[in-house]
>>> print(open('my_file-v4.cif').read())   # mmCIF, C-alpha atoms
data_run
loop_
_atom_site.label_atom_id
_atom_site.label_comp_id
_atom_site.auth_asym_id
_atom_site.auth_seq_id
_atom_site.Cartn_x
_atom_site.Cartn_y
_atom_site.Cartn_z
CA MET A 1111 -16.74 -17.70 -0.10
CA ASN A 1112 -16.90 -14.20 1.47
CA VAL A 1113 -17.10 -11.53 -1.23
CA ILE A 1114 -16.99 -7.75 -0.93
CA ILE A 1115 -18.21 -5.73 -3.90
CA ALA A 1116 -17.34 -2.04 -3.84
CA GLY A 1117 -19.66 0.12 -5.90
CA GLN A 1118 -23.10 -0.14 -7.42
CA ASP A 1119 -22.04 -0.39 -11.02
CA HIS A 1120 -24.53 -2.59 -12.90
CA LEU A 1121 -21.85 -5.17 -13.51
CA GLY A 1122 -20.97 -5.30 -9.82
CA ILE A 1123 -24.61 -5.77 -8.91
CA ALA A 1124 -25.00 -8.49 -11.53
CA MET A 1125 -22.00 -10.27 -10.02
CA ALA A 1126 -23.52 -9.87 -6.53
CA ASN A 1127 -26.72 -11.40 -7.83
CA LYS A 1128 -24.95 -14.40 -9.36
CA LEU A 1129 -22.60 -14.98 -6.42
CA SER A 1130 -25.37 -14.81 -3.84
CA GLN A 1131 -27.50 -17.20 -5.90
CA ASP A 1132 -24.58 -19.59 -5.84
CA GLY A 1133 -24.60 -19.43 -2.03
CA HIS A 1134 -21.67 -17.08 -1.36
CA ARG A 1135 -21.83 -14.39 1.30
CA VAL A 1136 -21.77 -10.99 -0.42
CA VAL A 1137 -21.35 -7.49 1.02
CA ILE A 1138 -22.07 -4.61 -1.36
CA VAL A 1139 -20.51 -1.32 -0.29
CA GLU A 1140 -21.39 2.04 -1.74
CA GLU A 1141 -21.26 5.54 -0.36
CA GLU A 1142 -24.95 6.41 -0.57
CA GLY A 1143 -28.30 5.55 -2.05
CA LEU A 1144 -27.57 1.87 -2.35
CA HIS A 1145 -30.91 0.77 -0.93
CA LEU A 1146 -32.80 3.09 -3.20
CA ARG A 1147 -31.62 1.69 -6.51
CA SER A 1148 -34.19 -0.35 -8.38
CA TYR A 1149 -31.63 -2.94 -9.38
CA THR A 1150 -30.48 -3.60 -5.82
CA LYS A 1151 -33.97 -3.94 -4.34
CA HIS A 1152 -34.32 -7.62 -5.12
CA LEU A 1153 -31.02 -8.29 -3.30
CA VAL A 1154 -32.02 -6.66 -0.02
CA ASP A 1155 -34.09 -9.58 1.25
CA ARG A 1156 -31.49 -12.24 0.56
CA GLU A 1157 -30.03 -13.72 3.71
CA ASN A 1158 -26.48 -13.86 2.39
CA VAL A 1159 -26.40 -10.31 1.00
CA THR A 1160 -25.54 -7.26 3.10
CA LEU A 1161 -25.81 -3.70 1.83
CA PHE A 1162 -23.38 -1.33 3.52
CA GLU A 1163 -23.44 2.42 3.02
CA ALA A 1164 -20.01 4.00 3.47
CA ASN A 1165 -17.04 5.15 1.41
CA PRO A 1166 -15.71 1.79 0.15
CA ALA A 1167 -12.07 2.92 -0.11
CA LEU A 1168 -11.71 3.90 3.56
CA ASP A 1169 -9.87 1.55 5.89
CA GLU A 1170 -12.60 1.69 8.53
CA THR A 1171 -15.19 0.65 5.93
CA MET A 1172 -13.01 -2.19 4.69
CA ILE A 1173 -12.53 -3.47 8.22
CA ALA A 1174 -16.22 -3.07 9.10
CA THR A 1175 -17.26 -5.06 6.02
CA GLY A 1176 -14.96 -7.94 6.99
CA ILE A 1177 -11.93 -7.45 4.76
CA TYR A 1178 -9.83 -9.70 7.02
CA LYS A 1179 -12.12 -12.66 6.30
CA CYS A 1180 -12.70 -11.72 2.69
CA ASP A 1181 -11.83 -14.25 -0.04
CA MET A 1182 -12.65 -12.00 -2.97
CA PHE A 1183 -12.80 -8.22 -3.33
CA ILE A 1184 -14.40 -6.77 -6.45
CA SER A 1185 -13.90 -3.08 -7.15
CA ALA A 1186 -16.70 -1.79 -9.38
CA LEU A 1187 -16.68 1.92 -8.56
CA ARG A 1188 -17.28 4.82 -10.89
CA SER A 1189 -13.73 5.56 -12.01
CA ASP A 1190 -10.65 3.55 -12.94
CA ALA A 1191 -8.59 5.44 -10.39
CA ALA A 1192 -11.06 4.75 -7.58
CA ASN A 1193 -11.09 1.06 -8.49
CA GLY A 1194 -7.31 0.99 -8.60
CA LEU A 1195 -6.97 2.54 -5.14
CA ALA A 1196 -9.57 0.26 -3.53
CA ALA A 1197 -8.14 -2.85 -5.20
CA LEU A 1198 -4.54 -2.00 -4.26
CA LYS A 1199 -5.64 -1.43 -0.69
CA ALA A 1200 -7.46 -4.78 -0.55
CA LYS A 1201 -4.45 -6.55 -2.05
CA ILE A 1202 -1.49 -4.78 -0.45
CA SER A 1203 -2.86 -3.60 2.90
CA TYR A 1204 -5.25 -6.50 3.62
CA GLN A 1205 -3.80 -9.30 1.47
CA VAL A 1206 -7.13 -10.44 0.08
CA ASP A 1207 -6.63 -13.60 -1.99
CA LYS A 1208 -8.60 -12.66 -5.11
CA VAL A 1209 -8.92 -9.00 -6.02
CA VAL A 1210 -10.76 -7.88 -9.15
CA ALA A 1211 -10.76 -4.31 -10.49
CA PHE A 1212 -12.96 -2.97 -13.29
CA ILE A 1213 -10.64 -0.87 -15.44
CA THR A 1214 -11.48 0.69 -18.80
CA ASP A 1215 -8.21 2.48 -19.60
CA GLU A 1216 -5.92 0.19 -21.59
CA SER A 1217 -2.71 1.54 -20.07
CA LEU A 1218 -3.96 1.31 -16.50
CA ALA A 1219 -5.15 -2.23 -17.23
CA ARG A 1220 -1.48 -3.14 -17.68
CA VAL A 1221 -0.46 -1.66 -14.30
CA TYR A 1222 -2.56 -3.67 -11.85
CA PRO A 1223 -1.69 -7.25 -12.84
CA ARG A 1224 1.84 -6.66 -11.55
CA PHE A 1225 0.24 -6.32 -8.11
CA LYS A 1226 -1.65 -9.61 -8.67
CA ILE A 1227 -4.93 -7.82 -9.23
CA ILE A 1228 -7.28 -9.32 -11.83
CA VAL A 1229 -8.32 -6.65 -14.31
CA VAL A 1230 -11.70 -6.79 -16.02
CA ASN A 1231 -12.49 -4.31 -18.78
CA PRO A 1232 -16.29 -3.89 -18.91
CA HIS A 1233 -16.11 -2.01 -22.22
CA GLU A 1234 -14.21 -4.82 -23.89
CA LEU A 1235 -16.61 -7.40 -22.44
CA ALA A 1236 -19.55 -5.48 -23.84
CA LEU A 1237 -17.92 -5.20 -27.26
CA GLU A 1238 -17.04 -8.88 -27.26
CA SER A 1239 -20.56 -9.95 -26.47
CA LEU A 1240 -21.90 -7.56 -29.10
CA SER A 1241 -19.66 -9.01 -31.75
CA GLU A 1242 -20.53 -12.54 -30.65
CA SER A 1243 -24.15 -11.63 -31.15
CA HIS A 1244 -23.26 -10.57 -34.72
CA LEU A 1245 -24.88 -7.19 -34.18
CA LEU A 1246 -21.65 -5.59 -35.30
CA SER A 1247 -20.94 -7.99 -38.14
CA VAL A 1248 -22.37 -5.84 -40.93
CA GLY A 1249 -19.58 -5.51 -43.47
CA ALA A 1250 -17.25 -7.52 -41.28
CA SER A 1251 -16.65 -10.06 -44.00
CA ASP A 1252 -14.79 -7.38 -46.00
CA ARG A 1253 -12.23 -7.14 -43.24
CA PRO A 1254 -9.53 -9.76 -42.91
CA ALA A 1255 -9.63 -11.57 -39.56
CA LEU A 1256 -6.85 -10.45 -37.22
CA ASN A 1257 -4.78 -13.64 -37.39
CA ASP A 1258 -5.38 -14.31 -41.06
CA SER A 1259 -3.34 -11.55 -42.62
CA THR A 1260 -1.03 -14.01 -44.35
CA VAL A 1261 -3.81 -15.94 -46.03
CA VAL A 1262 -4.02 -15.16 -49.75
CA SER A 1263 -7.48 -15.47 -51.13
CA MET B 1271 14.51 18.52 -17.34
CA TYR B 1272 10.91 17.96 -18.40
CA VAL B 1273 8.46 17.82 -15.49
CA ILE B 1274 4.78 16.91 -15.78
CA ILE B 1275 2.57 17.99 -12.90
CA LEU B 1276 -0.91 16.68 -12.13
CA GLY B 1277 -3.14 19.32 -10.59
CA CYS B 1278 -3.39 23.07 -11.16
CA GLY B 1279 -4.24 23.80 -7.54
CA ALA B 1280 -2.19 25.98 -5.23
CA ILE B 1281 0.53 23.36 -4.81
CA GLY B 1282 0.78 22.33 -8.46
CA THR B 1283 0.85 25.90 -9.72
CA ARG B 1284 3.47 27.12 -7.28
CA PHE B 1285 5.60 24.05 -7.83
CA ALA B 1286 5.35 24.62 -11.60
CA TYR B 1287 6.49 28.20 -11.10
CA SER B 1288 9.49 27.09 -9.05
CA GLN B 1289 10.48 24.59 -11.74
CA ILE B 1290 10.16 27.18 -14.52
CA VAL B 1291 12.33 29.59 -12.56
CA ALA B 1292 14.87 26.79 -12.15
CA GLY B 1293 14.99 26.50 -15.92
CA HIS B 1294 12.97 23.31 -16.37
CA GLU B 1295 10.29 22.60 -18.93
CA VAL B 1296 6.91 22.14 -17.26
CA LEU B 1297 3.46 20.91 -18.24
CA LEU B 1298 0.42 20.90 -15.96
CA ILE B 1299 -2.60 18.60 -16.34
CA ASP B 1300 -5.97 19.26 -14.72
CA LEU B 1301 -9.58 18.15 -15.08
CA ASN B 1302 -10.94 21.61 -14.44
CA GLU B 1303 -11.08 24.21 -17.22
CA ALA B 1304 -11.34 27.18 -14.88
CA ARG B 1305 -8.17 26.19 -13.04
CA ILE B 1306 -6.34 25.75 -16.37
CA ALA B 1307 -7.46 29.20 -17.50
CA LYS B 1308 -6.17 30.67 -14.25
CA VAL B 1309 -2.76 29.05 -14.68
CA GLU B 1310 -2.53 30.27 -18.24
CA THR B 1311 -3.09 33.88 -17.25
CA SER B 1312 -0.25 33.71 -14.74
CA LEU B 1313 2.25 31.24 -16.23
CA GLY B 1314 1.36 31.08 -19.93
CA ASP B 1315 0.33 28.24 -22.17
CA ILE B 1316 1.66 25.34 -20.08
CA ALA B 1317 -1.47 23.50 -18.99
CA ILE B 1318 -3.68 20.92 -20.68
CA LEU B 1319 -7.17 19.71 -19.87
CA GLY B 1320 -7.50 15.99 -19.21
CA ASP B 1321 -7.60 13.06 -16.83
CA ALA B 1322 -4.04 12.13 -15.93
CA ALA B 1323 -5.20 8.69 -14.83
CA VAL B 1324 -5.82 7.89 -18.51
CA GLY B 1325 -2.88 6.66 -20.59
CA ASP B 1326 -3.74 8.75 -23.67
CA THR B 1327 -3.76 11.99 -21.68
CA LEU B 1328 -0.23 11.28 -20.50
CA ILE B 1329 0.91 10.35 -24.00
CA ASN B 1330 -0.48 13.68 -25.29
CA ALA B 1331 1.43 15.39 -22.51
CA GLY B 1332 4.66 13.85 -23.82
CA ILE B 1333 5.16 11.55 -20.85
CA GLU B 1334 7.55 9.38 -22.86
CA ARG B 1335 10.23 12.06 -22.66
CA ALA B 1336 9.38 13.27 -19.12
CA ASP B 1337 12.10 13.10 -16.47
CA ALA B 1338 9.75 13.54 -13.54
CA PHE B 1339 6.04 13.20 -12.78
CA VAL B 1340 4.56 15.00 -9.79
CA ALA B 1341 0.96 14.37 -8.65
CA THR B 1342 -0.48 17.20 -6.57
CA SER B 1343 -4.24 16.80 -6.93
CA GLY B 1344 -6.62 16.62 -3.98
CA ASN B 1345 -7.77 13.15 -5.03
CA ASP B 1346 -5.56 10.31 -3.81
CA ALA B 1347 -7.04 7.76 -6.22
CA ASN B 1348 -6.18 9.94 -9.23
CA ASN B 1349 -2.75 10.76 -7.87
CA LEU B 1350 -1.94 7.08 -7.39
CA ALA B 1351 -3.29 5.85 -10.73
CA ALA B 1352 -1.45 8.61 -12.64
CA CYS B 1353 1.78 7.90 -10.76
CA GLN B 1354 1.54 4.20 -11.49
CA LEU B 1355 1.02 4.87 -15.19
CA ALA B 1356 4.02 7.20 -15.18
CA LYS B 1357 6.18 4.69 -13.37
CA PHE B 1358 5.19 1.31 -14.81
CA ILE B 1359 3.87 2.07 -18.29
CA PHE B 1360 5.97 5.09 -19.29
CA ASN B 1361 9.07 4.44 -17.17
CA VAL B 1362 9.42 7.97 -15.85
CA GLY B 1363 12.59 8.25 -13.78
CA GLN B 1364 11.18 10.12 -10.81
CA VAL B 1365 7.59 9.79 -9.62
CA ILE B 1366 6.43 11.93 -6.73
CA SER B 1367 3.00 12.23 -5.16
CA ILE B 1368 1.16 14.25 -2.59
CA VAL B 1369 -0.92 12.08 -0.29
CA ASN B 1370 -4.03 13.79 1.04
CA GLU B 1371 -5.21 11.03 3.36
CA SER B 1372 -2.14 10.31 5.48
CA SER B 1373 -3.21 6.71 6.09
CA ASN B 1374 -2.58 6.12 2.36
CA SER B 1375 1.15 6.85 2.63
CA ASN B 1376 2.27 3.26 3.09
CA LEU B 1377 0.04 2.05 0.27
CA PHE B 1378 1.46 4.65 -2.16
CA HIS B 1379 4.90 3.52 -1.22
CA ALA B 1380 4.11 -0.16 -1.72
CA ALA B 1381 2.36 0.66 -5.01
CA GLY B 1382 5.55 2.03 -6.53
CA VAL B 1383 5.54 5.80 -5.97
CA ASP B 1384 9.16 6.93 -5.43
CA THR B 1385 8.58 9.86 -3.10
CA ILE B 1386 5.52 10.61 -1.01
CA VAL B 1387 4.69 13.91 0.58
CA SER B 1388 1.87 13.74 3.08
CA ARG B 1389 -0.08 16.94 3.20
CA THR B 1390 -1.69 16.22 6.55
CA ASP B 1391 1.59 15.23 8.14
CA ILE B 1392 3.27 18.44 7.02
CA ILE B 1393 0.42 20.60 8.27
CA LEU B 1394 0.40 18.69 11.55
CA ALA B 1395 4.15 19.09 11.81
CA ASN B 1396 3.86 22.82 11.32
CA LEU B 1397 1.02 23.11 13.79
CA ALA B 1398 2.92 21.02 16.29
CA GLY B 1399 6.01 23.14 15.85
CA THR B 1400 4.00 26.29 16.40
CA LEU B 1401 1.85 25.15 19.27
CA LEU B 1402 4.02 22.87 21.31
CA ASP B 1403 7.43 23.67 22.62
CA HIS B 1404 8.72 20.12 22.55
CA ALA B 1405 6.90 18.39 19.72
CA MET B 1406 8.71 16.05 17.42
CA ALA B 1407 7.20 16.03 13.96
CA GLU B 1408 7.73 13.75 11.02
CA LEU B 1409 8.36 15.83 7.89
CA MET B 1410 8.81 13.09 5.32
CA ARG B 1411 9.98 9.57 4.70
CA ILE B 1412 13.28 9.29 2.91
CA ASN B 1413 13.04 7.06 -0.15
CA ASP B 1414 13.03 3.29 0.22
CA ARG B 1415 15.06 3.25 3.38
CA ASN B 1416 13.07 3.18 6.55
CA GLU B 1417 14.34 6.59 7.52
CA LYS B 1418 12.46 9.76 8.41
CA LEU B 1419 13.19 13.43 8.22
CA ILE B 1420 11.97 14.95 11.44
CA ALA B 1421 11.84 18.30 13.21
CA MET B 1422 12.08 18.79 16.96
CA LYS B 1423 11.95 21.83 19.19
CA VAL B 1424 14.42 21.78 22.05
CA PRO B 1425 12.42 22.44 25.24
CA ARG B 1426 13.86 25.29 27.30
CA ASN B 1427 14.28 23.10 30.35
CA ALA B 1428 15.55 19.98 28.58
CA HIS B 1429 18.74 18.29 29.74
CA SER B 1430 20.14 18.68 26.23
CA VAL B 1431 20.18 22.48 26.56
CA GLY B 1432 23.72 23.81 26.90
CA LYS B 1433 25.29 20.55 25.72
CA ARG B 1434 27.37 20.02 22.63
CA ILE B 1435 25.72 17.85 19.98
CA ARG B 1436 28.59 15.35 20.20
CA ASP B 1437 27.94 14.90 23.94
CA LEU B 1438 24.28 13.99 23.48
CA PRO B 1439 23.36 10.28 23.68
CA LEU B 1440 22.21 10.21 20.05
CA PRO B 1441 21.30 6.84 18.54
CA TYR B 1442 23.38 5.40 15.71
CA GLY B 1443 22.61 6.65 12.20
CA ILE B 1444 21.39 10.15 13.10
CA ILE B 1445 22.33 13.07 10.87
CA ILE B 1446 21.55 16.62 11.96
CA PRO B 1447 21.95 18.76 8.84
CA LEU B 1448 20.21 21.85 10.15
CA VAL B 1449 19.34 23.76 13.29
CA ILE B 1450 16.97 26.73 13.31
CA SER B 1451 17.81 29.32 15.92
CA ARG B 1452 15.29 30.96 18.24
CA VAL B 1453 15.07 33.98 15.95
CA GLY B 1454 14.46 31.73 12.97
CA THR B 1455 17.92 31.72 11.37
CA PRO B 1456 18.87 28.32 10.00
CA PHE B 1457 22.47 27.15 10.33
CA VAL B 1458 24.47 24.00 9.73
CA PRO B 1459 25.57 22.66 13.11
CA ALA B 1460 29.00 21.26 13.84
CA GLU B 1461 29.77 18.49 16.32
CA ASP B 1462 30.59 21.01 19.02
CA THR B 1463 27.59 23.25 18.41
CA VAL B 1464 25.85 23.86 21.73
CA LEU B 1465 22.08 23.41 21.65
CA MET B 1466 19.90 26.11 23.15
CA GLY B 1467 16.32 25.94 24.39
CA GLY B 1468 13.77 26.95 21.76
CA GLU B 1469 15.97 25.95 18.85
CA GLU B 1470 14.58 23.60 16.25
CA VAL B 1471 16.59 20.57 15.22
CA ILE B 1472 16.10 18.99 11.79
CA ALA B 1473 17.40 15.43 11.63
CA THR B 1474 17.25 12.23 9.63
CA CYS B 1475 16.64 9.18 11.76
CA PRO B 1476 15.96 5.45 11.24
CA ALA B 1477 12.31 4.83 12.16
CA GLU B 1478 13.24 2.43 14.94
CA SER B 1479 15.41 5.05 16.64
CA LEU B 1480 12.85 7.87 16.79
CA ASN B 1481 12.20 7.23 20.44
CA GLU B 1482 15.87 7.34 21.42
CA LEU B 1483 16.44 10.50 19.41
CA SER B 1484 13.43 12.17 20.96
CA TYR B 1485 14.66 11.23 24.40
CA ALA B 1486 18.17 12.56 23.70
CA ILE B 1487 16.93 15.96 22.55
CA THR B 1488 13.67 16.57 24.43
CA GLY B 1489 13.92 14.24 27.39
CA GLN B 1490 10.60 12.65 26.45
CA SER B 1491 9.70 9.57 24.46
CA PHE B 1492 8.48 9.98 20.88
CA SER B 1493 4.97 8.71 21.59
CA SER B 1494 4.44 11.24 24.35
CA VAL B 1495 5.45 14.21 22.23
CA VAL B 1496 3.95 13.38 18.87
CA VAL B 1497 0.62 15.01 18.07
#
>>> encode(input="my_file-v4.cif", output="structure tokens")
Amino acid sequence: MNVIIAGQDHLGIAMANKLSQDGHRVVIVEEEGLHLRSYTKHLVDRENVTLFEANPALDETMIATGIYKCDMFISALRSDAANGLAALKAKISYQVDKVVAFITDESLARVYPRFKIIVVNPHELALESLSESHLLSVGASDRPALNDSTVVS
Amino acid sequence: MYVIILGCGAIGTRFAYSQIVAGHEVLLIDLNEARIAKVETSLGDIAILGDAAVGDTLINAGIERADAFVATSGNDANNLAACQLAKFIFNVGQVISIVNESSNSNLFHAAGVDTIVSRTDIILANLAGTLLDHAMAELMRINDRNEKLIAMKVPRNAHSVGKRIRDLPLPYGIIIPLVISRVGTPFVPAEDTVLMGGEEVIATCPAESLNELSYAITGQSFSSVVV
């Protein structure tokens, strides 16, 4: 699979790491400083990973990074709006099959699925994994579980 | 009418003023405190600080009772996200956006924004109108239909000069609502208005007929006159 990841968000880099380990071809695009980050250094030497420094939301960047042959575009930029624009472009202008956008705003998260963009909320993921780890479970037993409101104890 | 405007820049502020004068209720949203303070000294307490690409900011702004949302910021990503929230989450009747990067126009349209105003295109159109005698410039796209509002200067030596509008070989579907005379006076032309060199013709035209229209008025094809 050919994957383009826009942005050097930690989550994007983690996905790049996993996908390239699994043998997919990954291009990471970020405006500047990509090579300098400590957490991208270990990716530089991988044969199937390319680091590309340019504004990820520009058409010329998208074309240069192979958007026409791209199977999956992941938008992991700094803001919801930037992710929305890049993801919409990948989906609408370049008809990429799978497009993922990292969105933290709950309302915006309801906008993009209507354009067949997969929305991932990194904040929710973090909270979920925290609660799975029971770090947040102090006093939780006092609170009725969400779907159990009809149960009389 | 209640109008919410994203961006307290020159465009947002002046548009807000025009809406207030027209008797509408207006609220401006901006990320920058200094710009908000500036608006408040000139227009009063009608601006709030916040990111319009966040649902809660729009709810605080009373988006649920807004009749129109207008995005005027210099950031296309923010303009688009805010417009999409207004349109799809809060069902605002009219959603309008400025597009800073003209190559984004089609995307904004496909992404659900009702009306798009391309800043670059308008500036180019003005420049073209000033610099070139025969330039045809696209002013805006008209809603969902594939029609454009365009402006054209009649070259002084064009074959259309001295002819009545009805005698010009205009393509089907053209409307010419306005002509601007050489001294800058706008007037509504009639079918037997005679065109003069140096006049500016404002017309609506289906996109596929731009070439024909350009040829009828300027004697040149669209591609050779556009900037």
>>> residues_around(input="my_file-v4.cif", residues="segment 1156-1166 of chain A", least_positions_apart="3", cutoff="10 Å", atoms="all atoms listed in the file", output="MDAnalysis selection string")
chainID A and resid 1112:1117 1126:1127 1129:1131 1133:1145 1150:1153 1169:1172 1174:1175 1185 1187 1192:1193 1196
>>> resolve_selection(input="my_file-v4.cif", expression="the PyMOL selection byres ((chain B) within 10 of (chain A))", output="list in words")
Ala1322, Ala1323, Val1324, Gly1325, Asp1326, Asn1345, Asp1346, Ala1347, Asn1348, Asn1349, Leu1350, Ala1351, Ala1352, Gln1354, Leu1355, Ala1356, Lys1357, Phe1358, Ile1359, Phe1360, Glu1371, Ser1373, Asn1374, Asn1376, Leu1377, Phe1378, Ala1380 and Ala1381 of chain B
>>> write_last_selection(input="my_file-v4.cif", atoms="C-alpha atoms", output="mmCIF file, in the coordinates of the input")
data_model
loop_
_atom_site.group_PDB
_atom_site.id
_atom_site.type_symbol
_atom_site.label_atom_id
_atom_site.label_comp_id
_atom_site.auth_asym_id
_atom_site.auth_seq_id
_atom_site.Cartn_x
_atom_site.Cartn_y
_atom_site.Cartn_z
ATOM 1 C CA ALA B 1322 -4.040 12.130 -15.930
ATOM 2 C CA ALA B 1323 -5.200 8.690 -14.830
ATOM 3 C CA VAL B 1324 -5.820 7.890 -18.510
ATOM 4 C CA GLY B 1325 -2.880 6.660 -20.590
ATOM 5 C CA ASP B 1326 -3.740 8.750 -23.670
ATOM 6 C CA ASN B 1345 -7.770 13.150 -5.030
ATOM 7 C CA ASP B 1346 -5.560 10.310 -3.810
ATOM 8 C CA ALA B 1347 -7.040 7.760 -6.220
ATOM 9 C CA ASN B 1348 -6.180 9.940 -9.230
ATOM 10 C CA ASN B 1349 -2.750 10.760 -7.870
ATOM 11 C CA LEU B 1350 -1.940 7.080 -7.390
ATOM 12 C CA ALA B 1351 -3.290 5.850 -10.730
ATOM 13 C CA ALA B 1352 -1.450 8.610 -12.640
ATOM 14 C CA GLN B 1354 1.540 4.200 -11.490
ATOM 15 C CA LEU B 1355 1.020 4.870 -15.190
ATOM 16 C CA ALA B 1356 4.020 7.200 -15.180
ATOM 17 C CA LYS B 1357 6.180 4.690 -13.370
ATOM 18 C CA PHE B 1358 5.190 1.310 -14.810
ATOM 19 C CA ILE B 1359 3.870 2.070 -18.290
ATOM 20 C CA PHE B 1360 5.970 5.090 -19.290
ATOM 21 C CA GLU B 1371 -5.210 11.030 3.360
ATOM 22 C CA SER B 1373 -3.210 6.710 6.090
ATOM 23 C CA ASN B 1374 -2.580 6.120 2.360
ATOM 24 C CA ASN B 1376 2.270 3.260 3.090
ATOM 25 C CA LEU B 1377 0.040 2.050 0.270
ATOM 26 C CA PHE B 1378 1.460 4.650 -2.160
ATOM 27 C CA ALA B 1380 4.110 -0.160 -1.720
ATOM 28 C CA ALA B 1381 2.360 0.660 -5.010
#
>>> residues_near_point(input="my_file-v4.cif", point="(-8.4, -6.1, -8.3)", cutoff="6 Å", atoms="all atoms listed in the file", output="short mmCIF file (atom, residue, chain, number, x, y, z; two decimals) with C-alpha atoms, in the frame of the given file")
data_model
loop_
_atom_site.label_atom_id
_atom_site.label_comp_id
_atom_site.auth_asym_id
_atom_site.auth_seq_id
_atom_site.Cartn_x
_atom_site.Cartn_y
_atom_site.Cartn_z
CA ALA A 1197 -8.14 -2.85 -5.20
CA VAL A 1209 -8.92 -9.00 -6.02
CA VAL A 1210 -10.76 -7.88 -9.15
CA ALA A 1211 -10.76 -4.31 -10.49
CA ILE A 1227 -4.93 -7.82 -9.23
CA ILE A 1228 -7.28 -9.32 -11.83
#
>>> atom_distance(input="my_file-v4.cif", atom1="atom CA of Lys1418 of chain B", atom2="atom CA of Gly1443 of chain B")
11.3 Å
>>> atom_distance(input="my_file-v4.cif", atom1="atom CA of Ile1281 of chain B", atom2="atom CA of Pro1456 of chain B")
24.1 Å
>>> atom_distance(input="my_file-v4.cif", atom1="atom CA of Thr1455 of chain B", atom2="atom CA of Gly1432 of chain B")
18.4 Å
>>> residues_around(input="my_file-v4.cif", residues="Asn1427 of chain B", least_positions_apart="2", cutoff="10 Å", atoms="all atoms listed in the file", output="list in words")
Val1424, Pro1425, His1429, Ser1430, Val1431, Met1466, Gly1467, Gly1468, Thr1488 and Gly1489 of chain B
>>> residues_around(input="my_file-v4.cif", residues="Ile1386 of chain B", least_positions_apart="3", cutoff="9 Å", atoms="all atoms listed in the file", output="PyMOL selection string")
chain B and resi 1365-1369+1375+1378-1379+1383+1410-1413
>>> residues_around(input="my_file-v4.cif", residues="Ser1479 of chain B", least_positions_apart="4", cutoff="7 Å", atoms="all atoms listed in the file", output="compact mmCIF listing (two decimals) with C-alpha atoms, keeping the file's coordinate frame")
# COMPACT_ATOMS: atom_id res chain seq x y z
CA PRO B 1441 21.30 6.84 18.54
CA CYS B 1475 16.64 9.18 11.76
CA LEU B 1483 16.44 10.50 19.41
>>> closest_residue(input="my_file-v4.cif", among="A:Glu1242, A:Val1229, A:Ile1173, A:Ala1186", to="Tyr1204 of chain A", atoms="all atoms listed in the file")
A:Ile1173
>>> decode(input="my_file-v4.cif", residues="segment 1152-1172 of chain A", atoms="C-alpha atoms", output="PDB file, in the first residue's frame")
ATOM      1  CA  HIS A1152      14.945   6.172  13.196  1.00  0.00           C
ATOM      2  CA  LEU A1153      12.651   6.312  10.147  1.00  0.00           C
ATOM      3  CA  VAL A1154      15.093   8.100   7.861  1.00  0.00           C
ATOM      4  CA  ASP A1155      17.158   5.015   7.010  1.00  0.00           C
ATOM      5  CA  ARG A1156      14.216   2.801   6.148  1.00  0.00           C
ATOM      6  CA  GLU A1157      14.035   1.971   2.472  1.00  0.00           C
ATOM      7  CA  ASN A1158      10.267   2.309   2.251  1.00  0.00           C
ATOM      8  CA  VAL A1159      10.030   5.638   4.091  1.00  0.00           C
ATOM      9  CA  THR A1160      10.473   9.011   2.396  1.00  0.00           C
ATOM     10  CA  LEU A1161      10.602  12.296   4.274  1.00  0.00           C
ATOM     11  CA  PHE A1162       9.385  15.235   2.207  1.00  0.00           C
ATOM     12  CA  GLU A1163       9.659  18.840   3.347  1.00  0.00           C
ATOM     13  CA  ALA A1164       6.930  21.035   1.863  1.00  0.00           C
ATOM     14  CA  ASN A1165       3.527  22.455   2.766  1.00  0.00           C
ATOM     15  CA  PRO A1166       1.416  19.259   2.795  1.00  0.00           C
ATOM     16  CA  ALA A1167      -1.840  20.981   1.796  1.00  0.00           C
ATOM     17  CA  LEU A1168      -0.535  22.417  -1.480  1.00  0.00           C
ATOM     18  CA  ASP A1169      -1.499  20.713  -4.725  1.00  0.00           C
ATOM     19  CA  GLU A1170       2.070  20.662  -6.011  1.00  0.00           C
ATOM     20  CA  THR A1171       3.207  18.891  -2.829  1.00  0.00           C
ATOM     21  CA  MET A1172       0.405  16.364  -3.062  1.00  0.00           C
TER      22      MET A1172
END
